[in-house]
Each structure stands twice: as structure tokens, then as C-alpha cells.
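Here is the structure we will look at, set down as C-alpha cells.
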Amino acid sequence: MIDPVALFLLLLSASTPILFAALGELVVERAGVLNLGVEGMMIVGALSGFATAYYSGNAFLGFAVAALAGALVALPFAILTQFLMSNQVASGLALTLFGLGLAALFGKPVEGVKAPTMAAGPLGLNWIVWLGLAMVPAIWWFLNRSRPGLILRGVGENHDAAHALGYDVRRVRLAAIAFGGAMAGIGGAFISVATVLQWTEGMTAGAGWIALAIVVFSNWTAVGVLAGAWLFGGVTVLQLRLQAAGVRVPVQLLSMAPYLATIVVLVAISARQKFSRRSGSAAPGSLGQDFHALR
Amino acid sequence: MGIGKSYPGVRANDDVSFAVEPGEIHALLGENGAGKSTLVKMIYGLVRPDQGQMVLNGQPHQPADPRAARAAGVAMVFQHFSLFDALTVAENIALGMENPPPRRQLSARIAQVSQDFGLPLNPARRIVTLSAGERQRVEIIRCLLQNPRLLIMDEPTSVLTPQEAELLFATLRKLADQGTAILYISHKLEEIRTHCDCATILRHGRVVDSCDPREHSARTLAAMMVGEEMRLIDRSGRQAGEVLLQVKALSQPAPTAEGTALKAVALTLRAGEILGIGGVAGNGQDELLAALSGEIRSAPGTVLLEGADLSRLGPEGRRTAGLLAAPEDRLGHAAVPDFSLADNTLLTAGARKKLVRNGLIDRPAARAYAEAVIRAFDVRTPGPGTAAKALSGGNLQKFVIGREVMQAPRVLVVNQPTWGVDAGAAAAVRQSLLDLARSGAGVIVISQDLDEILELSDRFCALNEGRLSDPRPTEGLTLDQIGLMLGGAHGMEVAHL
């Protein structure tokens, strides 16, 4: 029999990478930018965090560097889309491919080595797990109660109006994109530094795409993102347990289960929201649109 | 003051000087494209002047951005609302303030101001759920909370019902009595005459006159705006020729749930004739235009041009045959907003003007045709490469009508040709339709503006719930009689009950 408490603690760990990445992307999209490069920023964070932790022996330093690296690698995307008016979808996809390639290239020296161990926090959980949980109310408060959050939502909702009121749309979006990169970097580093304790090429395995999907289906709310991340983490833990228990289901199907379950449940939820017509879609009004001042 | 601003290809403001006194409602009057909006954008810090200076309360006024302008005491209500749909009223107002108080205090202040000025508003409502008048209230209260010394209103009544407009003017008068200076932009002459103390008139980016609008008639104001005594429409030189277009027993189910079915519509149109079709909106105008243009195909034998049956042809086929149409919605139906004017000519003039060769677009020809339309119809724009959506309503309407007229159609059908267009552009559009008829074409004008129909057309039909009345000569027809024609079918149906 599986202990539900232990299972829940494992769930918290398993959902952390996606929670970080999705919360970051949530802020980016509320500012009106669609950054499809989450996967690329995560993998860059995973490598830089792991390498820093390995060479310095300090895992926390690894997370700090991962956040910085995630923000840095998001910067070209920000410049391309906000200042050079490139298409956001194409630039985001390029960022994913760029990140994956970059990490694969520079990851060769640290292949096969083991990460330093981290001191555990309360309940035997990693401190980063707690940080991720704390980020949920923090981001909710930032978006819905703070003045900078209001400006950020205004920019995402109607960038022309925000510009007419005198807000610097591009600066707000630049900051949001950098924040999203940092969060994705931490999420990626959690996989390599705190979960797998190794570096392997492509180890984020599509988590960035799941994070993107969760943001949409959460109807752009922090609590919705948490629910989506837990769903994914929960099925991940469950299928690992089932694999360990030797259930006679092909491993490929079990490994696929978290992705499949998350998408199916989220689609069902958002379909119900559409049919009930209660609130409609909460997508930010200017999401993915280019902003030209002086139009 | 002498302010100047140039845009590429257009000098928007040239050596503009005027002064607004505290407690005064000052009208800024001018046609579309006369430079009114550019001028107030400079005052509000959205655009910087190339030359000249502004003075506010004795201090030089050089706002680097709207925040600086707001800090100096300038507030502005935009023509197109600058609100955030998904946010609440209170959040929208907070975004428009420099240092908003905490949420509860802000809500209390909003309630206070809305009570003082008789503008009821619930701070917790989302903008999406508000009507146009309520949305404008949000903008006004956003301005009022900053105690502005100068309040700029950019065409505020264009989206309001008459009742809402009256409420707005009462509010403005209250504000002016408290010493606020109000700069009021509009091209609605009557409301300026009744409500404004002073008017500055702009034409082609220059100040041409300033006056007390209460002492002038709407006609003289319009003349100042357009720059000449309003041209009287010249109806001469036309004579009815052979029958061009025949519509026989055209019936059509409603294309959409909200649409109107056409019921046995019949009409004949002769060469050199203008037929006016009037009616209250939603009585089948759009459907009739679609049935004539070919967007909706009808039963065989219902639409005939010079004896040839066009009923089963689509728009392109009918255009080739010489039946052209200009729909009411100029942005989205008559023109693609993001296309350049040159590309927009291709939409309807591709075949008749040979802008497409061997399946390829002849770009120089399209450009040349767009340039010809721009010249002939005095469209104010930098050139044929400009996107359609960048043109003001009147200028785009001139372009859309010009694009059809210059293809020399046999029959042209237009719906609401001067809707939302200022007086000068409307006169130009009407004259071009008359000139087209004089050259031997037939014109059908569908309009809700009865004065326009009386001015243009030789015969008049009323469209009522998809039924077209028998035509009557407009000579000697009074507005009262037209009113009876428009209501006529209603009266009969009541009688049948």
C-alpha cells in the first residue's frame, strides 16, 4: 500500500520544476508576451545550475546562477520581439531550439558526474520546493494587489492604452520576460540539481511545454497554475510507483501518462469553462501582439 | 505659441497658435485630418512638437510624456477609449493616476466624485460589462480625480446617445464653472454652437479663424472648416436613358439569425438616374446590398444588368459585367485595414483596371491606380503605401467610393456613403456620385440619411422589413411623406391584424 502523506510529499517535489516555469510564464503572458522558449530556458538553467553546483560544491549557488542564466538567455528573445518586432511565436521556438543546442554543447564536460547533496528543509523537502510554494501567493499578491502588478496587467491587457497613459510598455515586458527566464531557469535546475542529480542532454523532457499548457488552461491564474503543476506531479509520482510495483503495463505508456493526463484534464476544465460562458477566457487582451509606439 | 509638427509626407500642424482661458469651454473645430488630434497629443505629451512652445499657467509647458503632462495639470479623454477591458473601474482609474491611494480610499473617492457630478459608477465593475457612455464616465472620472486645470476631450460624443451627451455637457459646464479650462474637439457643429464659449478652427494643420460659435450659424462654421462656402450640389445635366438594372421579385431568406429576409424586391434603374433607398437600420439594407453586389446569389432571373442575367454570378463576375458596390462598413468590409491603399485597389479593381496579369499582381499599376484615386478624390494621406486603417474615416470613405467610381461602372450601389464623414468629405462623395450618374451610369444610394437621399436621388423607395416600396419621384416629396412611406408597411400590417 502507498502511504498518501509520503506520496503527497513526493508530488510536491515532482511538481516543482513545472510550477516554477509556469509561474514565470504566467507573469510573462499577463504582460502580453507569449514566450514559447520555456523549454529552452529550463534546459539552460538545468545545465548552468548543475555545473555551478558541481564545481562550487554549493547547490544553492547553482540555483542562483540558473536563475541568472535563464534570464540572460531570455534576453535575446526580449530584444528580438520587443525592439526588433520579430514574431513572438517564431522567436520563442527559436529560443527553445537555441537553449537545447547550447546546453547540449556545453554540457559535455559534466556528463556522468554527480551533483553535491543539499541540506533538506522542513518535512525533509528541498528548500526550493518551499520557495516554489511560497511563490504562488507571492505572485498572486503581486498581480492582483500591487501597483507594479496592476501596471503589468494593464500593459498585457491593452498596450496601446497603457502607452497612451504614459507607461513604458517595452520596459515592463522586458522585466517580465527576464523574470520568466529566471523562474524557468530555477525550475530546470531543480531537475538536474535536486531530482536526478546528474546532467543528461534533453533532460527537461518537454516540461517547458507542459508549463506553457498549464498557464493557458489555468485561465492565467496563479492558483490554477499550482493545481495544474500538482496534477502533473501527482501522475508522475503515481506512474513511477506503478513502474516500481511492476504493474504489467508497458513502461512507455506509464511514462506518457503524466503528459496525457495533464492535457486531458486541463482541456476538459477549459472546455467546461467555455460552455458555461460564465467568465469566458481570461486571456490578456494584447497577448502575443506586437507593440508599435506612435501608431 | 506657434506650434508645428510634421509627419512623414504630411505637415500635421503648422504654426498653430491659440489660447484657452480658465472656465472656458473652447472648441477645436476642423475636418477629419485637419490636425486636431495631433495638436492635443502634443499638449498631452504623446507627441513632441518640432517647433514652437506652449505655456500653461504662465509656465513653459514641454511635457516629455503623458505623466509629465498630467503632473502639470493636463488631463485627456480619448476619442477611442484607452481603457483596459478585463480590469475593474477602480483598477483602470488607478492606472491613470500618478500616486493612487489604497484601494478602499480610491473606491470611496470614486464614489464621491461620481456623486458630485451626477455620474453613477460602480468601482468594482469590469469595463467589459459597461456601455459606451459608462466607459466614457470612467475616463472622465479618471481625469477629474487629478483636479486638472486643462481637460482635453477628443470627440467625446461620437459614441454617445443624445441623452448621454446631454449629461456630458452638464458635467463639462459644472467643471468649467469651477475654473477648469476645457478643450473640446469635435466636428459636430450643432453641439459646439450650443455648448462652447469659443472656437478655434483648423484647416490643413493651420488656424484659419477663431470666433464665438454662438454668434454663427452651423453653415458659416462649416464654411470656415471646409474653406469655402459649402458647395451647392450640382444636379444638372443628367437625363434618364435606357434601363440598366432590373431586379425582379428578389426574395431571400435572412442570411444570419439577426438578419432580415428580402421579400419580393423589385426595382428598375435607368442610365443617368440615382435611385435612393431609405429605411431605418436593420430593415434589409445590408442584405439588399449583398444581393446586388453578388455576395449573396439569388434565384435565376432576379438580377439583370442590361438584359443579361447576373443572378448566379459572384461579386467578381458582376464587377466584370459593370455592376459595382461599396458596402457600409469601410474598415473590414470595403477595405482590408492592414493592407496598403495600393493593395486595397486590387480587391475590387483587379479585373476592370487590369491590375492582375497572367495571375500575377501588377504592382506598379495598382500603385498608379491608388495614386489616381488619391488625387482625384483629394484623399489626405502620405501615399498609396499607407495602410487603410491609418486613414481617418472620411478619407478612407473618399478612397473607397473613388476606387469604385473611377472604374467607370455601369451601375454603382452604395450603402451609407457618408456615414461618419465630415461635411466637406460628404459633399465631395455626393458630388462624385452625381458626376458618375451624369456620365451615364446608374447609381443606387442606400442611406438612412433622408436629407442625403433627397439631395441626391431622382426617385425614392422605402425599405421596410425587407420589402421595397414602389418608387416615388423625389421632386416635391417632403420629409413627412417619406416618414409615412417608411412606416407604411407597418401600418398595413397593423391593419391586417
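In the C-alpha cells, each chain is lettered A, B, ... as it comes, each chain's residues begin at 1, and ligands are numbered from 1 in order of appearance.
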Self-check item: Expected answer as a list in words: chain A residues within 7 Å of chain B, only C-alpha atoms
Solution: Ile151, Gly154, Glu157, Asn158, Ala161, Ala164, Leu165 and Gly166 of chain A
Quiz item: Using only C-alpha atoms, which residues sit within 7 Å of range 250-263 of chain A once same-chain residues fewer than 3 positions away are excluded, as a list of chain:residue names?
Solution: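 After dropping sequence-adjacent residues, the list is A:Leu231, A:Phe232, A:Val235, A:Thr236, A:Gln239, A:Gln243, A:Leu266, A:Val267.
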Keeping N, CA, C and O atoms for every residue in the selection just given, could you write it to a file as a CSV table (one decimal), in the first residue's frame?
```
chain,number,residue,atom,x,y,z
A,231,LEU,N,-1.2,18.3,-10.5
A,231,LEU,CA,-1.8,17.3,-11.3
A,231,LEU,C,-0.7,16.5,-12.0
A,231,LEU,O,-0.6,15.3,-12.0
A,232,PHE,N,0.2,17.3,-12.7
A,232,PHE,CA,1.3,16.6,-13.5
A,232,PHE,C,2.2,15.9,-12.5
A,232,PHE,O,2.6,14.7,-12.8
A,235,VAL,N,0.5,12.6,-11.1
A,235,VAL,CA,0.5,11.4,-12.0
A,235,VAL,C,1.9,10.9,-12.3
A,235,VAL,O,2.2,9.7,-12.4
A,236,THR,N,2.9,11.8,-12.3
A,236,THR,CA,4.3,11.4,-12.4
A,236,THR,C,4.7,10.4,-11.3
A,236,THR,O,5.2,9.3,-11.5
A,239,GLN,N,2.8,7.1,-11.5
A,239,GLN,CA,3.3,6.1,-12.5
A,239,GLN,C,4.6,5.5,-12.2
A,239,GLN,O,4.9,4.4,-12.5
A,243,GLN,N,5.4,1.7,-11.9
A,243,GLN,CA,6.5,1.0,-12.5
A,243,GLN,C,7.3,0.2,-11.5
A,243,GLN,O,7.7,-1.0,-11.8
A,266,LEU,N,-6.9,19.3,-18.2
A,266,LEU,CA,-6.9,20.7,-18.5
A,266,LEU,C,-7.8,21.1,-19.6
A,266,LEU,O,-8.6,22.1,-19.5
A,267,VAL,N,-7.8,20.3,-20.7
A,267,VAL,CA,-8.7,20.5,-21.8
A,267,VAL,C,-10.2,20.4,-21.3
A,267,VAL,O,-11.0,21.3,-21.6
```
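Note that the spacing between CA of Pro109 in chain A and CA of Gly187 in chain A amounts to 22.0 Å.
Contact shell of Ala254 in chain B at 12 Å (only C-alpha atoms; same-chain neighbours under 5 positions omitted): Gly259, Thr260, Ala261, Leu262, Lys263, Gly282, Asn283, Gly284, Gln285, Asp286, Glu287, Leu288, Ala290, Ala291, Ile296, Glu465 and Gly466 of chain B.
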Would you list the contacts of range 182-199 of chain B as a compact mmCIF listing (two decimals) with C-alpha atoms, in the first residue's frame, taking every protein, DNA or RNA residue within 8 Å and counting only C-alpha atoms, but skipping same-chain residues closer than 4 positions in sequence?
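Output file selection.txt is given in full below:
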```
# COMPACT_ATOMS: atom_id res chain seq x y z
CA VAL B 20 -7.65 78.67 -23.71
CA PRO B 22 -9.78 79.08 -17.32
CA GLY B 23 -13.51 78.42 -17.01
CA GLU B 24 -13.96 78.31 -20.74
CA ILE B 25 -15.19 75.51 -22.98
CA HIS B 26 -13.06 76.02 -26.02
CA ALA B 27 -13.91 74.14 -29.20
CA LEU B 28 -11.27 72.93 -31.59
CA LEU B 29 -13.02 72.57 -34.88
CA GLY B 30 -11.87 71.07 -38.11
CA GLU B 31 -12.44 68.38 -40.70
CA LYS B 36 -6.84 68.45 -34.25
CA LEU B 150 -6.95 71.76 -18.56
CA LEU B 151 -9.23 68.93 -19.65
CA ILE B 152 -8.99 67.78 -23.26
CA MET B 153 -11.94 65.93 -24.77
CA ASP B 154 -11.29 64.31 -28.16
CA GLU B 155 -14.62 63.82 -29.99
CA PRO B 156 -16.35 62.60 -26.85
CA PHE B 169 -22.30 68.69 -21.34
CA LEU B 172 -18.44 69.92 -18.51
CA ALA B 176 -15.88 75.00 -16.28
CA SER B 210 -11.38 81.83 -34.15
CA CYS B 211 -14.80 83.02 -33.18
CA ASP B 212 -17.68 82.78 -30.77
CA PRO B 213 -19.62 79.83 -32.17
CA ARG B 214 -22.88 81.04 -30.61
CA HIS B 216 -22.54 81.97 -36.15
CA SER B 217 -24.77 79.56 -37.96
CA ALA B 218 -23.74 75.97 -38.48
CA LEU B 221 -18.90 77.40 -39.26
CA ALA B 222 -18.87 74.60 -41.80
CA ASP B 422 -17.37 65.24 -42.05
```
Quiz item: What is the distance, in Å and to one decimal place, between CA of Asn122 in chain B and CA of Ile140 in chain B?
Solution: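 Between these atoms lies a distance of 14.0 Å.
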Quiz prompt | In range 58-254 of chain A, DSSP helix (DSSP H, G or I) residues written as a VMD selection string | solution = chain A and resid 59 to 83 88 to 106 108 to 110 122 to 124 127 to 145 147 to 157 159 to 164 169 to 196 207 to 217 222 to 244 251 to 254
Exercise. Could you give me the residues within range 263-447 of chain B that DSSP places in strand (DSSP E), as a PyMOL selection string?
Key: chain B and resi 263-270+274-278+303-305+308-309+323-326+356-357+360-361+411-415+442-446
Self-check item: From A:Glu25, A:Glu201, A:Glu111, A:Asp168, residue lying nearest Gln82 in chain A [only C-alpha atoms]
Solution: A:Asp168
Quiz item: Expressed in Å to a single decimal, how great is the separation between CA of Ser86 in chain A and CA of Ala46 in chain A?
Solution: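 Distance reported for this atom pair: 27.0 Å.
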Quiz prompt | For Pro123 in chain B: contacts at 7 Å, only C-alpha atoms, fewer than 2 positions along chain excluded, given as a list in words | solution = Thr88, Val89, Ala90, Ser107, Ile110, Leu121 and Arg125 of chain B
Only all heavy atoms, please: the residues just picked out, written as a compact mmCIF listing (two decimals), in the first residue's frame.
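Everything below was put into part_4.txt:
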```
# COMPACT_ATOMS: atom_id res chain seq x y z
N THR B 88 -11.09 46.20 -13.51
CA THR B 88 -12.27 46.86 -12.95
C THR B 88 -12.14 48.38 -13.12
O THR B 88 -11.09 48.89 -13.48
CB THR B 88 -12.39 46.56 -11.45
OG1 THR B 88 -11.28 47.15 -10.77
CG2 THR B 88 -12.43 45.08 -11.17
N VAL B 89 -13.25 49.05 -12.85
CA VAL B 89 -13.29 50.50 -12.93
C VAL B 89 -12.20 51.11 -12.04
O VAL B 89 -11.43 51.98 -12.46
CB VAL B 89 -14.68 51.01 -12.51
CG1 VAL B 89 -14.67 52.53 -12.33
CG2 VAL B 89 -15.73 50.60 -13.54
N ALA B 90 -12.13 50.63 -10.79
CA ALA B 90 -11.15 51.19 -9.84
C ALA B 90 -9.73 50.97 -10.34
O ALA B 90 -8.88 51.86 -10.26
CB ALA B 90 -11.35 50.56 -8.46
N SER B 107 -11.79 53.73 -3.95
CA SER B 107 -13.19 53.43 -4.24
C SER B 107 -14.09 54.50 -3.63
O SER B 107 -15.06 54.94 -4.25
CB SER B 107 -13.56 52.06 -3.67
OG SER B 107 -12.87 51.06 -4.38
N ILE B 110 -13.85 57.61 -5.72
CA ILE B 110 -14.59 57.44 -6.98
C ILE B 110 -16.08 57.65 -6.72
O ILE B 110 -16.76 58.37 -7.46
CB ILE B 110 -14.33 56.05 -7.58
CG1 ILE B 110 -12.88 55.93 -8.01
CG2 ILE B 110 -15.25 55.79 -8.76
CD1 ILE B 110 -12.47 54.54 -8.39
N LEU B 121 -21.45 55.32 -11.05
CA LEU B 121 -20.45 54.36 -11.50
C LEU B 121 -20.08 53.44 -10.34
O LEU B 121 -19.84 53.90 -9.24
CB LEU B 121 -19.21 55.14 -11.94
CG LEU B 121 -18.26 54.47 -12.93
CD1 LEU B 121 -19.02 54.08 -14.19
CD2 LEU B 121 -17.15 55.44 -13.28
N ARG B 125 -17.08 47.15 -10.95
CA ARG B 125 -17.48 46.54 -12.23
C ARG B 125 -16.29 46.42 -13.16
O ARG B 125 -15.39 47.23 -13.16
CB ARG B 125 -18.54 47.41 -12.91
CG ARG B 125 -19.88 47.42 -12.23
CD ARG B 125 -20.86 46.39 -12.78
NE ARG B 125 -21.21 46.53 -14.18
CZ ARG B 125 -22.20 47.30 -14.61
NH1 ARG B 125 -22.90 48.00 -13.77
NH2 ARG B 125 -22.48 47.35 -15.89
```
